[in-house]
Protein chains: 2
Amino acid sequence: MPRRRSYTDADLAVAAKQVFWERGYEGTAVDDLQEVTGLSRSSLYLAFGTKRAVFDAALGEYVMSFIEPRIGPVEAPTAGPREAAAFFRGLAQYFRRPDADRGCLMINSIAELAGRDPSFSPVAESFTNRLRAAFSHALEGGAAATGMTRKQIARRADMLTASTLGVWLTVRSDAAGAASTCRAIADEITAWSPSPQGSEASPGTSRKPSRRER
Amino acid sequence: MPRRRSYTDADLAVAAKQVFWERGYEGTAVDDLQEVTGLSRSSLYLAFGTKRAVFDAALGEYVMSFIEPRIGPVEAPTAGPREAAAFFRGLAQYFRRPDADRGCLMINSIAELAGRDPSFSPVAESFTNRLRAAFSHALEGGAAATGMTRKQIARRADMLTASTLGVWLTVRSDAAGAASTCRAIADEITAWSPSPQGSEASPGTSRKPSRRER
DNA sequence: CACGATTTGGACTGCCTAGTCCAGCATAGT
DNA sequence: ACTATGCTGGACTAGGCAGTCCAAATCGTG
């Protein structure tokens, strides 16, 4: 008999995701959430309880819609260095979008909350662990062909994980530079597992600085 | 004849640096600055004019006292891959400090302000350009011995730059992991320019995860 | 058609923010 | 010791914040 809600939590999460992505957690006011969801304060609080809960839902939505499709292929059982390289080439491609300067909601959130909000640290750590595991898995997929040792794989996976965080930070002030770095990383991965013909990466991938260097 | 100031701007910058480093720019209230400097509001505003100016001074102080001594050896004319590797080993060592979870004031600021505060983007970009140039220079110093191509040097310098940002982000939620990654990067650099005897890096440097992986 | 549970809008609270302002204090030079 | 200069403390302003609360609108059901 009661009146039914005119929206779903999922819709709210999608809308909220955009604002948090654009402005960060602290930078987003509840008023902003009202505006973007079209809901009033009470509905918002009835649905989620706190601003933080809205954020958690938005971040979850982001992981599903953005991170999953990019990291999935790297985690696939058949994945090899090709998939790891493709991950970075995919980022380079994405960084051409004009709105790429928002960066990555997950990494932005890590930068904003990790070490400051204790309840967020596990999220940060499990994300980086997932990345590392994915890269490690992909490099192992090519170990037979390239003769990489376990240690070398572990080292390189660590490096790729740190690099991923780095380029997503960089893209916020220098999208062209970040894209260039992604291509460089992809080339380097390719060089780790040389293709049948040719030992050097494809040409035309050197850095084109977006502004003056140094 | 007038009363003289009982402090110097430099002292203020040093004190302010600590708070901004710990809590970030937005997270630091002017009240916090009063407390840590021991000055009252009016003195603070008389000396600097705005909170942002205090921050700029603090960041400048940080660059001089923290970044300069770490990046300097990598920029030295005689620098080679050894110095690049030493840079990362130095970070690994630093990450053992209990207060390393503050991260790096410069990189924290990039994470907080880049792409949001237009006046900060040049600072971010010139910092990453400086890092990249330093790594590139150091790798060139070893190019003769290792036969690295220009392209390969550029790629690897890009990667090390991104990795540097990445580990400084990571250290805030997982210091042990970040230190481990730094050692991995240093080992990888060492492997790029093999030492006279032995082609593989020293043992005992594999990852010891600080909590459960994945 | 009327009931009544649920959602909704918007006013409101209490707190925190950066920055302003002025009266009074401390001191260097006379 | 006096005075003039400019530093210093703390009250104050105006605005933004997350979260609360209640009256009124809304719609499925009996």
# chains A, B, ... in the order shown; residues from 1 in each chain; ligands from 1
>>> closest_atom_pairs(of="chain D", to="chain B", cutoff="12 Å", atoms="only C-alpha atoms (C1' of nucleotides)", output="Markdown table")
| residue | atom | partner | partner_atom | distance |
| --- | --- | --- | --- | --- |
| D:DT3 | C1' | B:Met1 | CA | 9.6 |
| D:DA4 | C1' | B:Met1 | CA | 7.4 |
| D:DT5 | C1' | B:Pro2 | CA | 4.2 |
| D:DG6 | C1' | B:Pro2 | CA | 5.7 |
| D:DC7 | C1' | B:Arg3 | CA | 6.5 |
| D:DT8 | C1' | B:Ser43 | CA | 6.6 |
| D:DG9 | C1' | B:Ser40 | CA | 6.5 |
| D:DG10 | C1' | B:Ser40 | CA | 8.5 |
| D:DA11 | C1' | B:Arg41 | CA | 11.5 |
>>> write_last_selection(atoms="N, CA and C atoms (P, O5', C5', C4', C3', O3' and C1' of nucleotides)", output="compact mmCIF listing (two decimals), in the first residue's frame")
# COMPACT_ATOMS: atom_id res chain seq x y z
P DT D 3 55.97 60.95 25.74
O5' DT D 3 56.17 60.55 24.21
C5' DT D 3 57.36 60.94 23.53
C4' DT D 3 57.52 60.10 22.29
C3' DT D 3 56.20 59.70 21.61
O3' DT D 3 56.39 59.78 20.22
C1' DT D 3 57.48 57.78 22.03
P DA D 4 55.23 60.39 19.29
O5' DA D 4 55.63 59.75 17.89
C5' DA D 4 57.00 59.56 17.58
C4' DA D 4 57.23 58.17 17.00
C3' DA D 4 56.15 57.68 16.03
O3' DA D 4 56.81 56.98 15.00
C1' DA D 4 56.41 56.10 17.71
P DT D 5 56.31 57.08 13.48
O5' DT D 5 56.52 55.58 12.97
C5' DT D 5 57.74 54.92 13.28
C4' DT D 5 57.47 53.48 13.63
C3' DT D 5 56.46 52.79 12.71
O3' DT D 5 57.16 51.77 12.03
C1' DT D 5 56.18 52.15 14.97
P DG D 6 56.69 51.20 10.61
O5' DG D 6 56.30 49.70 10.99
C5' DG D 6 57.20 48.92 11.75
C4' DG D 6 56.42 47.89 12.57
C3' DG D 6 55.31 47.18 11.78
O3' DG D 6 55.21 45.87 12.26
C1' DG D 6 54.43 48.04 13.68
P DC D 7 55.46 44.62 11.32
O5' DC D 7 55.44 43.43 12.39
C5' DC D 7 56.40 43.45 13.44
C4' DC D 7 55.75 43.03 14.75
C3' DC D 7 54.96 41.72 14.69
O3' DC D 7 55.36 40.94 15.80
C1' DC D 7 53.61 43.43 15.62
P DT D 8 54.90 39.39 15.89
O5' DT D 8 53.56 39.49 16.74
C5' DT D 8 53.63 39.91 18.10
C4' DT D 8 52.24 39.87 18.73
C3' DT D 8 51.43 38.61 18.42
O3' DT D 8 51.03 38.04 19.65
C1' DT D 8 50.12 40.57 18.09
P DG D 9 50.57 36.53 19.76
O5' DG D 9 49.11 36.70 20.36
C5' DG D 9 48.93 37.42 21.55
C4' DG D 9 47.47 37.78 21.75
C3' DG D 9 46.50 36.63 21.55
O3' DG D 9 45.66 36.56 22.70
C1' DG D 9 45.86 38.50 20.20
P DG D 10 44.69 35.34 22.96
O5' DG D 10 43.28 35.91 22.49
C5' DG D 10 42.95 37.25 22.77
C4' DG D 10 41.73 37.65 21.95
C3' DG D 10 40.76 36.51 21.65
O3' DG D 10 39.45 37.04 21.72
C1' DG D 10 41.38 37.48 19.66
P DA D 11 38.20 36.13 22.10
O5' DA D 11 36.98 37.08 21.70
C5' DA D 11 37.08 38.47 21.93
C4' DA D 11 36.54 39.25 20.72
C3' DA D 11 35.20 38.73 20.20
O3' DA D 11 34.37 39.83 19.89
C1' DA D 11 36.77 38.75 18.44
>>> residues_around(residues="Ser173 in chain B", least_positions_apart="5", cutoff="10 Å", atoms="only C-alpha atoms (C1' of nucleotides)", output="PyMOL selection string")
(chain A and resi 110-111+113-118+120-125) or (chain B and resi 100-103+168+178)
>>> write_last_selection(atoms="C-alpha atoms", output="compact mmCIF listing (two decimals), in the first residue's frame")
# COMPACT_ATOMS: atom_id res chain seq x y z
CA ILE A 110 43.39 6.33 -2.74
CA ALA A 111 45.29 9.59 -3.07
CA LEU A 113 41.79 8.92 1.62
CA ALA A 114 44.57 6.34 2.00
CA GLY A 115 46.37 6.75 5.28
CA ARG A 116 43.96 9.47 6.38
CA ASP A 117 40.72 7.50 6.58
CA PRO A 118 41.61 4.16 8.21
CA PHE A 120 39.64 3.11 3.33
CA SER A 121 43.14 1.63 3.56
CA PRO A 122 41.96 -1.95 3.02
CA VAL A 123 40.22 -0.89 -0.18
CA ALA A 124 43.40 0.77 -1.39
CA GLU A 125 45.53 -2.20 -0.50
CA ALA B 100 56.67 7.52 6.07
CA ASP B 101 52.92 7.03 5.78
CA ARG B 102 52.60 10.78 5.27
CA GLY B 103 53.88 10.14 1.78
CA TRP B 168 54.79 7.48 -2.98
CA ALA B 178 56.05 0.32 -1.19
>>> closest_atom_pairs(of="chain A", to="chain B", cutoff="6 Å", atoms="only C-alpha atoms", output="JSON lines")
{"residue": "A:Ala111", "atom": "CA", "partner": "B:Ala111", "partner_atom": "CA", "distance": 5.9}
{"residue": "A:Ala114", "atom": "CA", "partner": "B:Ser173", "partner_atom": "CA", "distance": 5.5}
{"residue": "A:Gly115", "atom": "CA", "partner": "B:Arg172", "partner_atom": "CA", "distance": 5.1}
{"residue": "A:Ser121", "atom": "CA", "partner": "B:Ser173", "partner_atom": "CA", "distance": 5.6}
{"residue": "A:Ser126", "atom": "CA", "partner": "B:Arg214", "partner_atom": "CA", "distance": 5.6}
{"residue": "A:Asn129", "atom": "CA", "partner": "B:Arg214", "partner_atom": "CA", "distance": 5.0}
{"residue": "A:Arg130", "atom": "CA", "partner": "B:Arg214", "partner_atom": "CA", "distance": 5.2}
{"residue": "A:Arg155", "atom": "CA", "partner": "B:Ala184", "partner_atom": "CA", "distance": 4.7}
{"residue": "A:Asp158", "atom": "CA", "partner": "B:Thr181", "partner_atom": "CA", "distance": 5.5}
{"residue": "A:Ala162", "atom": "CA", "partner": "B:Gly166", "partner_atom": "CA", "distance": 4.2}
{"residue": "A:Ser163", "atom": "CA", "partner": "B:Ser163", "partner_atom": "CA", "distance": 4.2}
{"residue": "A:Leu165", "atom": "CA", "partner": "B:Gly166", "partner_atom": "CA", "distance": 4.8}
{"residue": "A:Gly166", "atom": "CA", "partner": "B:Ala162", "partner_atom": "CA", "distance": 4.2}
{"residue": "A:Val167", "atom": "CA", "partner": "B:Ala162", "partner_atom": "CA", "distance": 5.6}
{"residue": "A:Arg172", "atom": "CA", "partner": "B:Gly115", "partner_atom": "CA", "distance": 5.1}
{"residue": "A:Ser173", "atom": "CA", "partner": "B:Gly115", "partner_atom": "CA", "distance": 5.1}
{"residue": "A:Thr181", "atom": "CA", "partner": "B:Asp158", "partner_atom": "CA", "distance": 5.5}
{"residue": "A:Ala184", "atom": "CA", "partner": "B:Arg155", "partner_atom": "CA", "distance": 4.7}
{"residue": "A:Glu213", "atom": "CA", "partner": "B:Asn129", "partner_atom": "CA", "distance": 6.0}
{"residue": "A:Arg214", "atom": "CA", "partner": "B:Asn129", "partner_atom": "CA", "distance": 5.2}
>>> write_last_selection(atoms="N, CA and C atoms", output="PDB file, in the first residue's frame")
ATOM      1  N   ALA A 111      44.462   8.409  -3.327  1.00  0.00           N
ATOM      2  CA  ALA A 111      45.291   9.587  -3.069  1.00  0.00           C
ATOM      3  C   ALA A 111      44.669  10.472  -1.998  1.00  0.00           C
ATOM      4  N   ALA A 114      43.658   7.352   1.442  1.00  0.00           N
ATOM      5  CA  ALA A 114      44.565   6.338   1.996  1.00  0.00           C
ATOM      6  C   ALA A 114      45.457   6.949   3.061  1.00  0.00           C
ATOM      7  N   GLY A 115      45.528   6.294   4.190  1.00  0.00           N
ATOM      8  CA  GLY A 115      46.373   6.749   5.278  1.00  0.00           C
ATOM      9  C   GLY A 115      45.744   7.860   6.102  1.00  0.00           C
ATOM     10  N   SER A 121      41.857   2.269   3.868  1.00  0.00           N
ATOM     11  CA  SER A 121      43.138   1.630   3.557  1.00  0.00           C
ATOM     12  C   SER A 121      42.990   0.211   3.002  1.00  0.00           C
ATOM     13  N   SER A 126      43.747  -3.653  -1.280  1.00  0.00           N
ATOM     14  CA  SER A 126      43.267  -4.786  -2.060  1.00  0.00           C
ATOM     15  C   SER A 126      43.240  -4.440  -3.544  1.00  0.00           C
ATOM     16  N   ASN A 129      46.840  -4.791  -4.677  1.00  0.00           N
ATOM     17  CA  ASN A 129      47.172  -6.217  -4.694  1.00  0.00           C
ATOM     18  C   ASN A 129      46.559  -6.909  -5.906  1.00  0.00           C
ATOM     19  N   ARG A 130      45.343  -6.501  -6.227  1.00  0.00           N
ATOM     20  CA  ARG A 130      44.689  -7.099  -7.386  1.00  0.00           C
ATOM     21  C   ARG A 130      45.442  -6.766  -8.669  1.00  0.00           C
ATOM     22  N   ARG A 155      59.250  -8.577  -9.752  1.00  0.00           N
ATOM     23  CA  ARG A 155      59.767  -7.215  -9.836  1.00  0.00           C
ATOM     24  C   ARG A 155      59.004  -6.388 -10.849  1.00  0.00           C
ATOM     25  N   ASP A 158      55.474  -5.572  -9.841  1.00  0.00           N
ATOM     26  CA  ASP A 158      55.506  -4.467  -8.874  1.00  0.00           C
ATOM     27  C   ASP A 158      55.649  -3.135  -9.595  1.00  0.00           C
ATOM     28  N   ALA A 162      52.995   0.078  -9.702  1.00  0.00           N
ATOM     29  CA  ALA A 162      53.325   1.449  -9.310  1.00  0.00           C
ATOM     30  C   ALA A 162      53.139   2.398 -10.491  1.00  0.00           C
ATOM     31  N   SER A 163      53.533   1.954 -11.675  1.00  0.00           N
ATOM     32  CA  SER A 163      53.407   2.803 -12.862  1.00  0.00           C
ATOM     33  C   SER A 163      51.950   3.134 -13.164  1.00  0.00           C
ATOM     34  N   LEU A 165      49.466   3.437 -11.029  1.00  0.00           N
ATOM     35  CA  LEU A 165      49.070   4.529 -10.140  1.00  0.00           C
ATOM     36  C   LEU A 165      49.647   5.844 -10.650  1.00  0.00           C
ATOM     37  N   GLY A 166      50.904   5.803 -11.048  1.00  0.00           N
ATOM     38  CA  GLY A 166      51.584   7.015 -11.491  1.00  0.00           C
ATOM     39  C   GLY A 166      50.952   7.659 -12.705  1.00  0.00           C
ATOM     40  N   VAL A 167      50.663   6.880 -13.726  1.00  0.00           N
ATOM     41  CA  VAL A 167      50.106   7.498 -14.936  1.00  0.00           C
ATOM     42  C   VAL A 167      48.715   8.069 -14.695  1.00  0.00           C
ATOM     43  N   ARG A 172      45.998  13.747 -14.855  1.00  0.00           N
ATOM     44  CA  ARG A 172      45.158  14.857 -14.389  1.00  0.00           C
ATOM     45  C   ARG A 172      45.754  16.213 -14.708  1.00  0.00           C
ATOM     46  N   SER A 173      47.081  16.282 -14.853  1.00  0.00           N
ATOM     47  CA  SER A 173      47.652  17.579 -15.239  1.00  0.00           C
ATOM     48  C   SER A 173      48.305  17.544 -16.612  1.00  0.00           C
ATOM     49  N   THR A 181      53.555   8.017 -21.781  1.00  0.00           N
ATOM     50  CA  THR A 181      54.162   7.081 -20.828  1.00  0.00           C
ATOM     51  C   THR A 181      53.522   5.695 -20.943  1.00  0.00           C
ATOM     52  N   ALA A 184      54.947   3.966 -23.778  1.00  0.00           N
ATOM     53  CA  ALA A 184      56.318   3.550 -23.454  1.00  0.00           C
ATOM     54  C   ALA A 184      56.305   2.268 -22.633  1.00  0.00           C
ATOM     55  N   GLU A 213      59.599  21.130 -21.833  1.00  0.00           N
ATOM     56  CA  GLU A 213      60.163  20.191 -20.848  1.00  0.00           C
ATOM     57  C   GLU A 213      61.064  20.932 -19.876  1.00  0.00           C
ATOM     58  N   ARG A 214      61.133  20.490 -18.645  1.00  0.00           N
ATOM     59  CA  ARG A 214      61.965  21.025 -17.558  1.00  0.00           C
ATOM     60  C   ARG A 214      61.691  22.454 -17.182  1.00  0.00           C
TER      61      ARG A 214
END
>>> residues_around(residues="range 12-15 of chain C", least_positions_apart="6", cutoff="9 Å", atoms="only C-alpha atoms (C1' of nucleotides)", output="list in words")
DC17, DT20 and DC21 of chain D
>>> residues_around(residues="Gly38 in chain A", least_positions_apart="4", cutoff="12 Å", atoms="only C-alpha atoms (C1' of nucleotides)", output="VMD selection string")
(chain A and resid 6 to 7 11 to 12 15 to 16 30 to 34 42 to 44) or (chain C and resid 8 to 9)
>>> atom_distance(atom1="CA of Ser65 in chain B", atom2="CA of Ala86 in chain B")
18.4 Å
>>> select_by_dssp(residues="range 53-214 of chain B", states="helix (DSSP H, G or I)", output="PyMOL selection string")
chain B and resi 53-75+81-94+98-102+105-113+118-140+143-146+150-170+175-192
>>> atom_distance(atom1="CA of Phe20 in chain A", atom2="CA of Cys104 in chain B")
23.8 Å
>>> atom_distance(atom1="CA of Gly60 in chain B", atom2="CA of Tyr25 in chain B")
14.0 Å
>>> interface_residues(of="chain C", to="chain B", cutoff="10 Å", atoms="only C-alpha atoms (C1' of nucleotides)", output="list of chain:residue names")
C:DC16, C:DT17, C:DA18, C:DG19, C:DT20, C:DC21, C:DA26, C:DT27, C:DA28, C:DG29, C:DT30
